[in-house]
Amino acid sequence: MNAIRDGKLIEREKRNDKEFHFQNWFKSRLDVIGENYDSPGRNTYPDFKLVRHTEGYELKGLAYPGREADYDCNSQVPCGEHNGRQVFYVFGRYPTKPDGNRYPVLDLVICHGSFLNADNTYIHKNKSFRGFGSYGDILVRDRKMYVAPTPFARNRSDPRRVIRNGFASGQATAGGSTGTALP
């Protein structure tokens with residue numbers, strides 16, 4: 001990816017920003033190439049839905065060194081298709097303890113969601129209800145949480161799997177990228 005080679009840095013607004021700094025970096029890449037997308041928001045899946053293509057991109061920023069084997073999926077099992085869109089996962093690693101609020105993307109993996117989980121049949125449902133507790137004023141949020149392997153761990157667990165063009169070799173997929181090229 002040209003942006004990494006050219007040294008385009010992640011810019012964190014605040015030291016406690018643990019989620020949006022990598023999304024903002026990716027958003028800037030889409031803006032540079034003029035790719036239209038629906039604006040991401042909290043709890044949207046995937047994070048970026050392209051307008052001209054039936055593709056979506058779910059972003060996962062990981063501090064490195066740090067948690068490498070798996071990641072929290074927070075309410076959505078990884079999959080390769082969602083509401084008629086092909087879903088691609090973008091894993092970017094950045095320094096665990098950066099010196100300041102600007103730092104590099106160390107490496108980047110873009111893979112089809114089917115590489116992480118080829119089963120698209122699971123239907124995720126959260127169930128919440130009010131009226132809990134002795135006064136009936138507590139809301140119970142029954143929010144499912146998932147932990148899935150990263151592509152770094154997935155590839156290491158089966159050394160015969162080689163990542164080419166975002167797909168594991170020998171893996172059946174429901175489609176392919178329309179060719180969105182990030183700078």
# chains A, B, ... in the order shown; residues from 1 in each chain; ligands from 1

call {"tool": "select_by_dssp", "arguments": {"residues": "region 31-123 of chain A", "states": "helix (DSSP H, G or I)", "output": "VMD selection string"}}
result
chain A and resid 31 to 33 113 to 116

call {"tool": "write_last_selection", "arguments": {"atoms": "C-alpha atoms", "output": "JSON list (two decimals), in the first residue's frame"}}
result
[["chain", "number", "residue", "atom", "x", "y", "z"],
["A", 31, "ASP", "CA", -10.87, 10.19, 0.37],
["A", 32, "VAL", "CA", -7.56, 10.43, -1.51],
["A", 33, "ILE", "CA", -8.75, 7.99, -4.21],
["A", 113, "GLY", "CA", -14.31, -12.06, 5.75],
["A", 114, "SER", "CA", -14.58, -15.67, 4.56],
["A", 115, "PHE", "CA", -10.89, -16.09, 5.34],
["A", 116, "LEU", "CA", -11.75, -15.49, 9.00]]

call {"tool": "residues_around", "arguments": {"residues": "Val90 (chain A)", "least_positions_apart": "4", "cutoff": "6 Å", "atoms": "only C-alpha atoms", "output": "list in words"}}
result
Leu59, Val109 and Ile110 of chain A

call {"tool": "write_last_selection", "arguments": {"atoms": "C-alpha atoms", "output": "CSV table (one decimal), in the first residue's frame"}}
result
chain,number,residue,atom,x,y,z
A,59,LEU,CA,-11.4,-2.1,10.4
A,109,VAL,CA,-3.6,-7.1,5.9
A,110,ILE,CA,-6.8,-6.8,3.9

call {"tool": "closest_residue", "arguments": {"among": "A:Leu30, A:Leu62, A:Ala148, A:Val105", "to": "Pro78 (chain A)", "atoms": "only C-alpha atoms"}}
result
A:Ala148

call {"tool": "atom_distance", "arguments": {"atom1": "CA of Asp6 (chain A)", "atom2": "CA of Pro104 (chain A)"}}
result
10.2 Å

call {"tool": "closest_residue", "arguments": {"among": "A:His53, A:Arg42, A:Lys97, A:Arg143", "to": "Pro65 (chain A)", "atoms": "only C-alpha atoms"}}
result
A:Lys97

call {"tool": "select_by_dssp", "arguments": {"residues": "region 2-156 of chain A", "states": "strand (DSSP E)", "output": "ChimeraX atom specification"}}
result
/A:10-11,37-38,48-50,55-64,70-72,81-82,85-95,102-103,107-112,127-132,138-142,147-149

call {"tool": "closest_atom_pairs", "arguments": {"of": "region 35-108 of chain A", "to": "region 119-123 of chain A", "cutoff": "9 Å", "atoms": "only C-alpha atoms", "output": "tab-separated table"}}
result
residue	atom	partner	partner_atom	distance
A:Val77	CA	A:Tyr122	CA	8.0
A:Pro78	CA	A:Asn120	CA	8.6
A:Cys79	CA	A:Asn120	CA	5.7
A:Gly80	CA	A:Asn120	CA	6.9
A:Glu81	CA	A:Asn120	CA	6.6
A:His82	CA	A:Asn120	CA	8.0

call {"tool": "atom_distance", "arguments": {"atom1": "CA of Ser128 (chain A)", "atom2": "CA of Tyr146 (chain A)"}}
result
17.5 Å

call {"tool": "atom_distance", "arguments": {"atom1": "CA of Glu13 (chain A)", "atom2": "CA of Asn101 (chain A)"}}
result
6.9 Å

call {"tool": "residues_around", "arguments": {"residues": "Val51 (chain A)", "least_positions_apart": "3", "cutoff": "8 Å", "atoms": "only C-alpha atoms", "output": "PyMOL selection string"}}
result
chain A and resi 35-38+54
